[in-house]
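The structure file work39.txt is reproduced below (compact mmCIF, C-alpha atoms).
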# COMPACT_ATOMS: atom_id res chain seq x y z
CA SER C 1 20.68 37.72 110.95
CA SER C 2 19.21 34.26 110.31
CA THR C 3 22.39 32.57 111.50
CA TRP C 4 22.49 31.81 115.18
CA PRO C 5 24.39 31.67 117.39
CA SER C 6 26.68 34.45 116.15
CA VAL C 7 29.51 36.35 117.83
CA ALA C 8 29.17 40.04 118.61
CA ARG C 9 32.04 42.55 118.51
CA ASP C 10 32.43 42.43 122.28
CA GLY C 11 33.01 38.67 122.08
CA SER C 12 29.68 37.57 123.52
CA LEU C 13 27.42 35.01 121.92
CA ILE C 14 24.19 36.30 120.44
CA TRP C 15 21.13 34.09 120.16
CA CYS C 16 18.61 35.67 117.84
CA LYS C 17 15.42 34.06 116.60
CA PRO C 18 14.95 34.76 112.85
CA ALA C 19 11.23 35.39 113.37
CA SER C 20 11.87 38.14 115.92
CA PRO C 21 15.27 39.78 115.31
CA LYS C 22 14.79 42.29 118.15
CA GLN C 23 14.82 39.54 120.78
CA VAL C 24 18.51 39.03 121.50
CA TRP C 25 20.04 36.98 124.32
CA ARG C 26 23.71 37.43 125.21
CA LEU C 27 25.54 34.64 127.01
CA PRO C 28 28.90 35.18 128.76
CA VAL C 29 31.95 33.77 127.05
CA LEU C 30 34.00 31.13 128.89
CA ASN C 31 37.52 30.23 127.79
CA ILE C 32 38.04 26.62 126.69
CA LEU C 33 41.08 24.49 126.13
CA CYS C 34 43.40 26.08 123.57
CA ALA C 35 41.15 27.15 120.70
CA PRO C 36 40.75 30.98 120.89
CA LEU C 37 37.65 30.98 118.68
CA SER C 38 35.77 28.43 120.78
CA LYS C 39 32.91 29.62 122.96
CA VAL C 40 30.91 27.69 125.53
CA ILE C 41 27.15 27.55 125.83
CA ARG C 42 25.53 26.23 128.98
CA TYR C 43 22.30 24.24 128.65
CA GLY C 44 20.98 23.43 132.13
CA GLU C 45 23.44 20.81 133.44
CA GLY C 46 25.46 20.49 130.25
CA TYR C 47 27.94 22.51 128.19
CA SER C 48 28.37 22.70 124.45
CA THR C 49 31.41 23.99 122.59
CA CYS C 50 33.51 23.31 119.50
CA CYS C 51 35.54 20.12 119.68
CA PRO C 52 39.33 20.82 119.83
CA PHE C 53 40.18 17.50 118.14
CA CYS C 54 38.41 18.12 114.83
CA ARG C 55 37.43 21.05 112.65
CA ASP C 56 34.14 21.43 114.45
CA ARG C 57 32.56 24.87 114.37
CA GLY C 58 29.04 23.75 115.22
CA PHE C 59 29.30 23.42 119.02
CA ASN C 60 29.14 19.61 118.79
CA LEU C 61 31.23 18.80 121.88
CA ASN C 62 28.81 18.18 124.75
CA VAL C 63 30.09 17.87 128.32
CA ASN C 64 27.97 16.99 131.35
CA HIS C 65 28.47 19.05 134.52
CA ARG C 66 29.64 15.91 136.40
CA TYR C 67 32.47 15.25 133.97
CA GLY C 68 35.63 14.28 135.84
CA THR C 69 33.99 13.64 139.22
CA VAL C 70 35.08 10.59 141.19
CA ASP C 71 32.83 7.52 141.15
CA GLU C 72 33.25 5.05 144.01
CA ARG C 73 32.00 2.13 141.94
CA LEU C 74 34.56 2.71 139.19
CA GLY C 75 37.29 3.70 141.61
CA GLY C 76 38.18 6.75 139.57
CA PRO C 77 36.87 9.77 137.65
CA LEU C 78 34.03 9.78 135.13
CA PRO C 79 35.74 10.51 131.78
CA PHE C 80 32.89 9.36 129.56
CA LEU C 81 30.40 12.18 130.20
CA ALA C 82 31.71 14.07 127.18
CA THR C 83 30.75 13.37 123.57
CA CYS C 84 31.77 14.81 120.21
CA PHE C 85 28.70 14.58 118.01
CA ALA C 86 30.62 15.79 114.95
CA HIS C 87 33.21 13.04 114.40
CA ARG C 88 33.04 10.97 117.61
CA CYS C 89 36.53 12.15 118.52
CA LEU C 90 36.26 10.99 122.13
CA THR C 91 35.94 7.35 121.15
CA ASP C 92 39.73 7.61 120.88
CA ARG C 93 41.27 6.85 124.29
CA SER C 94 44.16 9.29 123.77
CA ASN C 95 41.72 12.11 123.02
CA ARG C 96 39.75 11.31 126.16
CA ALA C 97 42.92 11.35 128.21
CA GLU C 98 44.05 14.67 126.67
CA LEU C 99 40.67 16.33 127.30
CA PHE C 100 40.62 15.17 130.91
CA ALA C 101 44.23 16.27 131.48
CA ARG C 102 43.53 19.77 130.19
CA LEU C 103 40.43 20.16 132.32
CA ASP C 104 42.14 18.66 135.36
CA ARG C 105 44.92 21.27 135.10
CA GLY C 106 42.31 24.00 135.31
CA LEU C 107 42.74 25.03 131.67
CA GLY C 108 39.20 24.08 130.69
CA TYR C 109 35.86 25.77 130.93
CA LEU C 110 34.56 23.61 133.79
CA ALA C 111 36.86 25.43 136.19
CA THR C 112 35.90 28.78 134.67
CA ALA C 113 32.25 27.90 135.17
CA ARG C 114 32.93 27.11 138.84
CA ILE C 115 32.48 23.36 138.31
CA ARG C 116 35.25 21.58 140.17
CA PRO C 117 36.36 18.21 138.74
CA GLY C 118 37.34 15.66 141.35
CA THR C 119 34.39 16.14 143.74
CA PRO C 120 33.69 12.73 145.35
CA VAL C 121 30.34 11.18 144.52
CA SER C 122 29.50 8.72 147.31
CA ILE C 123 26.93 5.95 147.02
CA PRO C 124 24.64 6.00 150.09
CA ASN C 125 24.71 2.42 151.38
CA GLN C 126 23.58 3.25 154.89
CA LEU C 127 20.94 5.39 156.57
CA PRO C 128 21.84 8.90 157.75
CA GLY C 129 23.06 9.41 161.30
CA GLY C 130 20.37 10.11 163.87
CA PHE C 131 17.81 7.90 162.09
CA GLN C 132 15.09 6.44 164.32
CA ASN C 133 12.30 4.10 163.25
CA LEU C 134 8.82 5.54 163.66
CA THR C 135 7.85 2.70 165.97
CA CYS C 136 10.51 3.87 168.45
CA LEU C 137 9.13 7.41 168.67
CA PRO C 138 6.54 8.59 171.22
CA GLU C 139 2.93 9.06 170.14
CA ASP C 140 3.16 12.85 170.38
CA HIS C 141 6.27 13.09 168.22
CA VAL C 142 6.01 15.63 165.41
CA ALA C 143 6.74 13.01 162.71
CA ARG C 144 3.98 10.68 163.86
CA ILE C 145 1.50 13.56 164.17
CA ARG C 146 2.38 14.84 160.70
CA LEU C 147 1.87 11.42 159.11
CA ARG C 148 -1.45 10.85 160.88
CA ASP C 149 -2.66 14.28 159.73
CA HIS C 150 -1.99 13.18 156.13
CA GLY C 151 -3.77 9.84 156.45
CA PHE C 152 -0.84 7.48 157.12
CA ASP C 153 -0.41 5.01 159.97
CA PRO C 154 3.07 5.61 161.50
CA ASP C 155 3.20 2.11 163.03
CA LYS C 156 2.54 0.45 159.66
CA LEU C 157 5.09 2.65 157.89
CA GLY C 158 7.73 1.91 160.50
CA GLY C 159 6.95 -1.79 160.81
CA GLU C 160 6.36 -2.64 157.14
CA PHE C 161 8.68 -0.25 155.31
CA GLY C 162 11.22 0.79 157.97
CA VAL C 163 10.30 4.48 157.68
CA GLY C 164 11.84 6.69 160.37
CA TYR C 165 12.78 10.20 161.35
CA CYS C 166 16.04 12.15 161.60
CA GLY C 167 16.34 14.97 164.10
CA GLU C 168 19.99 15.96 163.96
CA SER C 169 22.14 14.42 161.25
CA GLU C 170 25.36 14.98 159.32
CA GLU C 171 23.23 14.88 156.16
CA PRO C 172 21.57 18.31 155.74
CA LEU C 173 18.84 16.84 153.53
CA ALA C 174 17.70 14.51 156.32
CA VAL C 175 17.65 16.98 159.22
CA GLU C 176 14.22 17.13 160.88
CA ARG C 177 12.65 15.08 158.11
CA ILE C 178 10.88 11.77 157.71
CA VAL C 179 13.25 9.33 155.98
CA ALA C 180 12.27 6.27 153.93
CA PRO C 181 15.01 3.64 153.42
CA VAL C 182 15.38 2.18 149.92
CA VAL C 183 16.28 -1.51 150.09
CA GLN C 184 17.01 -3.63 147.02
CA ASP C 185 18.58 -7.08 146.68
CA GLY C 186 18.73 -7.34 150.45
CA GLY C 187 20.78 -4.21 151.16
CA VAL C 188 20.30 -0.47 151.66
CA VAL C 189 20.95 1.35 148.39
CA GLY C 190 19.79 4.80 149.45
CA TRP C 191 17.10 6.73 151.25
CA LEU C 192 14.42 9.31 150.54
CA ALA C 193 13.74 12.40 152.62
CA VAL C 194 10.05 13.30 152.76
CA ARG C 195 8.50 16.74 152.83
CA PHE C 196 4.86 17.65 152.42
CA VAL C 197 3.81 20.24 149.83
CA ASN C 198 0.13 21.23 149.70
CA GLY C 199 -0.76 18.08 151.60
CA GLU C 200 1.13 15.75 149.25
CA PRO C 201 4.45 14.05 150.09
CA ARG C 202 7.47 14.90 147.97
CA PHE C 203 10.50 12.62 148.00
CA LEU C 204 14.06 13.98 147.92
CA ARG C 205 16.70 11.39 147.10
CA ALA C 206 19.92 11.05 149.03
CA PRO C 207 23.03 12.70 147.52
CA GLY C 208 24.80 10.32 145.14
CA MET C 209 21.83 7.96 144.94
CA ARG C 210 21.15 6.54 141.46
CA THR C 211 17.47 5.90 140.88
CA THR C 212 17.36 4.61 137.30
CA ASN C 213 17.70 0.97 138.34
CA LEU C 214 15.77 1.17 141.62
CA VAL C 215 12.19 0.11 142.33
CA TYR C 216 10.92 1.06 145.77
CA ASN C 217 9.74 -1.96 147.84
CA LEU C 218 10.50 -4.50 145.10
CA ASP C 219 12.15 -6.87 147.60
CA GLN C 220 8.96 -7.24 149.62
CA ALA C 221 6.56 -7.16 146.66
CA ARG C 222 8.28 -10.13 144.99
CA ALA C 223 6.94 -12.40 147.77
CA TYR C 224 3.32 -11.82 146.67
CA ALA C 225 1.32 -13.65 144.01
CA THR C 226 0.28 -10.33 142.46
CA GLY C 227 2.36 -7.19 142.20
CA PHE C 228 0.94 -3.67 142.05
CA VAL C 229 2.94 -0.92 140.34
CA VAL C 230 2.15 2.60 141.57
CA PRO C 231 3.71 5.94 140.60
CA SER C 232 5.30 6.94 143.93
CA PRO C 233 6.34 5.55 147.33
CA ASP C 234 3.42 7.17 149.17
CA TRP C 235 1.02 5.01 147.14
CA VAL C 236 3.08 1.98 148.14
CA TRP C 237 2.42 2.98 151.75
CA ARG C 238 -1.28 3.28 151.00
CA LEU C 239 -1.66 -0.11 149.26
CA GLY C 240 0.72 -2.19 151.34
CA MET C 241 3.70 -4.49 150.88
CA ALA C 242 2.49 -5.99 147.59
CA ALA C 243 2.98 -2.60 145.88
CA MET C 244 6.13 -1.14 144.33
CA ALA C 245 7.11 2.14 142.68
CA PRO C 246 9.84 3.03 140.16
CA LEU C 247 11.89 5.93 141.51
CA THR C 248 11.97 7.78 138.18
CA GLN C 249 9.06 9.38 136.34
CA PRO C 250 8.51 8.13 133.75
CA ALA C 251 9.91 4.72 134.67
CA SER C 252 13.38 3.97 133.30
CA ASP C 253 14.15 0.99 131.06
CA MET C 254 16.19 -0.63 133.84
CA SER C 255 13.34 -0.45 136.36
CA GLU C 256 10.93 -1.83 133.73
CA ARG C 257 13.22 -4.80 133.16
CA ARG C 258 13.51 -5.43 136.90
CA ILE C 259 9.74 -5.48 137.35
CA HIS C 260 9.25 -7.68 134.28
CA ALA C 261 11.91 -10.18 135.37
CA THR C 262 10.41 -10.43 138.86
CA PHE C 263 6.77 -10.89 137.81
CA GLN C 264 7.06 -12.66 134.46
CA ARG C 265 5.38 -15.75 135.96
CA LYS C 266 2.97 -13.86 138.21
CA LYS C 267 0.14 -11.35 137.93
CA LEU C 268 0.82 -7.64 137.72
CA VAL C 269 -1.45 -4.57 137.94
CA LEU C 270 -0.46 -1.02 137.00
CA VAL C 271 -2.40 1.28 139.34
CA THR C 272 -2.91 4.93 138.34
CA PRO C 273 -4.26 7.29 141.03
CA PRO C 274 -7.09 9.75 140.28
CA ALA C 275 -6.07 12.76 138.16
CA ALA C 276 -2.60 11.26 137.59
CA LYS C 277 -1.05 10.76 134.17
CA ILE C 278 -0.68 7.17 132.99
CA ASP C 279 2.88 6.08 132.23
CA ARG C 280 2.09 4.83 128.72
CA ALA C 281 5.61 3.58 128.03
CA LEU C 282 5.63 1.46 131.18
CA GLU C 283 2.11 0.22 130.50
CA SER C 284 3.01 -0.80 126.94
CA SER C 285 6.20 -2.55 128.05
CA LEU C 286 4.54 -4.57 130.81
CA ARG C 287 1.49 -5.39 128.72
CA GLY C 288 3.62 -6.73 125.88
CA GLY C 289 5.74 -8.91 128.13
CA LEU C 290 3.18 -10.20 130.63
CA ARG C 291 0.02 -10.67 128.56
CA PRO C 292 -2.49 -12.01 129.63
CA GLN C 293 -1.46 -11.63 133.31
CA PHE C 294 -1.27 -7.82 133.23
CA ARG C 295 -3.98 -5.21 133.70
CA SER C 296 -3.99 -1.42 134.01
CA VAL C 297 -6.41 0.10 136.51
CA ILE C 298 -7.30 3.79 136.89
CA LEU C 299 -8.65 4.54 140.35
CA PRO C 300 -11.85 6.61 140.68
CA SER C 301 -11.99 9.90 142.56
CA SER C 302 -13.35 8.07 145.62
CA ALA C 303 -9.84 6.67 146.16
CA VAL C 304 -8.64 10.06 147.42
CA GLY C 305 -8.43 9.85 151.20
CA ALA C 306 -9.60 6.22 151.30
CA ASN C 307 -8.06 3.81 153.78
CA ARG C 308 -6.02 0.77 152.77
CA LYS C 309 -8.92 -1.68 152.85
CA ALA C 310 -11.08 0.53 150.62
CA LEU C 311 -8.20 1.14 148.19
CA ARG C 312 -7.53 -2.57 147.83
CA ARG C 313 -11.21 -3.17 147.15
CA LEU C 314 -11.19 -0.53 144.39
CA VAL C 315 -8.08 -2.02 142.78
CA SER C 316 -9.42 -5.59 142.97
CA THR C 317 -12.75 -4.49 141.49
CA GLY C 318 -11.07 -2.61 138.64
CA ALA C 319 -8.88 -5.59 137.77
CA ALA C 320 -11.82 -8.01 137.99
CA GLU C 321 -13.83 -5.86 135.57
CA LYS C 322 -10.99 -6.38 133.09
CA GLY C 323 -10.92 -10.14 133.63
CA LEU C 324 -8.12 -10.57 136.17
CA ASN C 325 -8.78 -11.74 139.73
CA VAL C 326 -6.15 -10.47 142.15
CA LYS C 327 -5.47 -10.73 145.87
CA PHE C 328 -3.20 -8.85 148.24
CA THR C 329 -1.91 -12.01 149.88
CA LYS C 330 1.25 -14.06 149.69
CA PRO C 331 1.00 -17.42 147.89
CA GLU C 332 0.63 -20.44 150.12
CA PRO C 333 3.81 -22.54 150.39
CA ASP C 334 3.79 -25.83 148.50
CA SER C 335 2.94 -28.76 150.75
CA LYS C 336 5.24 -31.74 150.40

Could I get this file's structure written as structure tokens?
Amino acid sequence: SSTWPSVARDGSLIWCKPASPKQVWRLPVLNILCAPLSKVIRYGEGYSTCCPFCRDRGFNLNVNHRYGTVDERLGGPLPFLATCFAHRCLTDRSNRAELFARLDRGLGYLATARIRPGTPVSIPNQLPGGFQNLTCLPEDHVARIRLRDHGFDPDKLGGEFGVGYCGESEEPLAVERIVAPVVQDGGVVGWLAVRFVNGEPRFLRAPGMRTTNLVYNLDQARAYATGFVVPSPDWVWRLGMAAMAPLTQPASDMSERRIHATFQRKKLVLVTPPAAKIDRALESSLRGGLRPQFRSVILPSSAVGANRKALRRLVSTGAAEKGLNVKFTKPEPDSK
């Protein structure tokens, strides 16, 4: 059949590509609300079904898996992570309340799919228990040895960026891992657990941490005459305190606006490491708002494994070749 999805006799959903009718995928049926003909399709972290408030038969009600969870900032559940794309039924407050009430009573498909509404979502505003700064650890500590083996100076990371280590902790993600605090607007807004994969650091964000509006090391970078935007926190460590990194890839609109607002009267350089993909959207946004004080520099292959002094020289040379002289120093205070 060229119509898909369709319902088989046993009640399961059949997805069949018209070009190859023999390839059939069956998805289990989950009960929803009160409509007996409604089925639920799971797409990754979302669910689609027919909206019970209109005559929808096209699976236009989309519900995120976090629907109904408790948000500390709002002081209540998240009722807005559901949308009817057919007739926008959930713009009506009474419909939103009815949908949430049905799901909260366990009559909806989230409970059937083993998603439990009401799970608290905490915002990490402090470092995990057992955290110790790298500068407080002995020279032969496993964290310091691991960082040195990968080309990082533990004393600089601990002194400049507050990076530390957690041995035992109540946070499973932080146990026996290097932890990088995320500070913005003068306060801790989360932390990143670090693990090395094939010699490269990978950053795991703290549970409940929202990264769309966060820029790693922005608080310290704003004190410099020139800011350097890099793709990840490990490149911030390599370049120094004048560098910053959006915590989403590609960079979110909110992080772009934060960077633009901070450096609209200063110089800014987008630094792309060797063999990395340029964030074209971020480059276009910053170039349009900061011209002519913005440049984009792609580092050569010699930057791999280079120390901080050599990296800064490569970045300065690349910016100078494009007509922008930059320095990794703070501006001198005005003399009165």

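Separating atom CA of Ala310 of chain C from atom CA of Val229 of chain C is a distance of 17.4 Å.
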
Quiz item: Do you have the atom CA of Ala320 of chain C-atom CA of Leu299 of chain C distance handy?
Solution: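 Separation of atom CA of Ala320 of chain C and atom CA of Leu299 of chain C: 13.2 Å.
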
Practice problem: Could you tell me how far atom CA of Asn60 of chain C lies from atom CA of Arg88 of chain C, in Å and to one decimal? | Solution: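 Taking atom CA of Asn60 of chain C and atom CA of Arg88 of chain C, their separation equals 9.6 Å.
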
Self-check item: Which residue of C:Thr49, C:Thr272, C:Asn125, C:Gln293 approaches Arg210 of chain C most closely, using all atoms listed in the file
Solution: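 Going through C:Thr49, C:Thr272, C:Asn125, C:Gln293 one by one, the smallest distance to Arg210 of chain C is for C:Asn125.
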
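Counting all atoms listed in the file and comparing C:Gly305, C:Gly129, C:Pro273, C:Pro172, the residue that lies closest to Gly199 of chain C is C:Gly305.
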
Quiz item: At a cut-off of 6 Å from (29.7, 17.9, 130.4) in the coordinates of the file, what residues are picked up using only C-alpha atoms, written as a ChimeraX atom specification?
Solution: /C:46-47,62-65,67,81-82

Practice problem: Using all atoms listed in the file, find the one residue out of C:Gly323, C:Pro231, C:Gly159, C:Gly289 that sits nearest to Ala261 of chain C. | Solution: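 The shortest atom-to-atom distance to Ala261 of chain C comes from C:Gly289.
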
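Minimum atom-to-atom distance to Arg177 of chain C, evaluated using only C-alpha atoms, belongs to C:Ala193 out of C:Ala193, C:Ile259, C:Ala242, C:Leu214.
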
Quiz prompt | Within 7 Å of Gln132 of chain C using all atoms listed in the file, minus same-chain residues under 6 positions, as a list of chain:residue names | solution =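 Residues meeting the cut-off are C:Gly164, C:Tyr165, C:Cys166.
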
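Using all atoms listed in the file, the smallest distance between any of C:Leu286, C:Ala275, C:Ile178, C:Val269 and Gly318 of chain C comes from C:Val269.
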
Quiz item: With all atoms listed in the file as the basis for distance, which of C:Arg287, C:Ser301, C:Ser232, C:Ala206 is at the shortest distance from Glu171 of chain C?
Solution: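 Counting all atoms listed in the file, the residue closest to Glu171 of chain C is C:Ala206.
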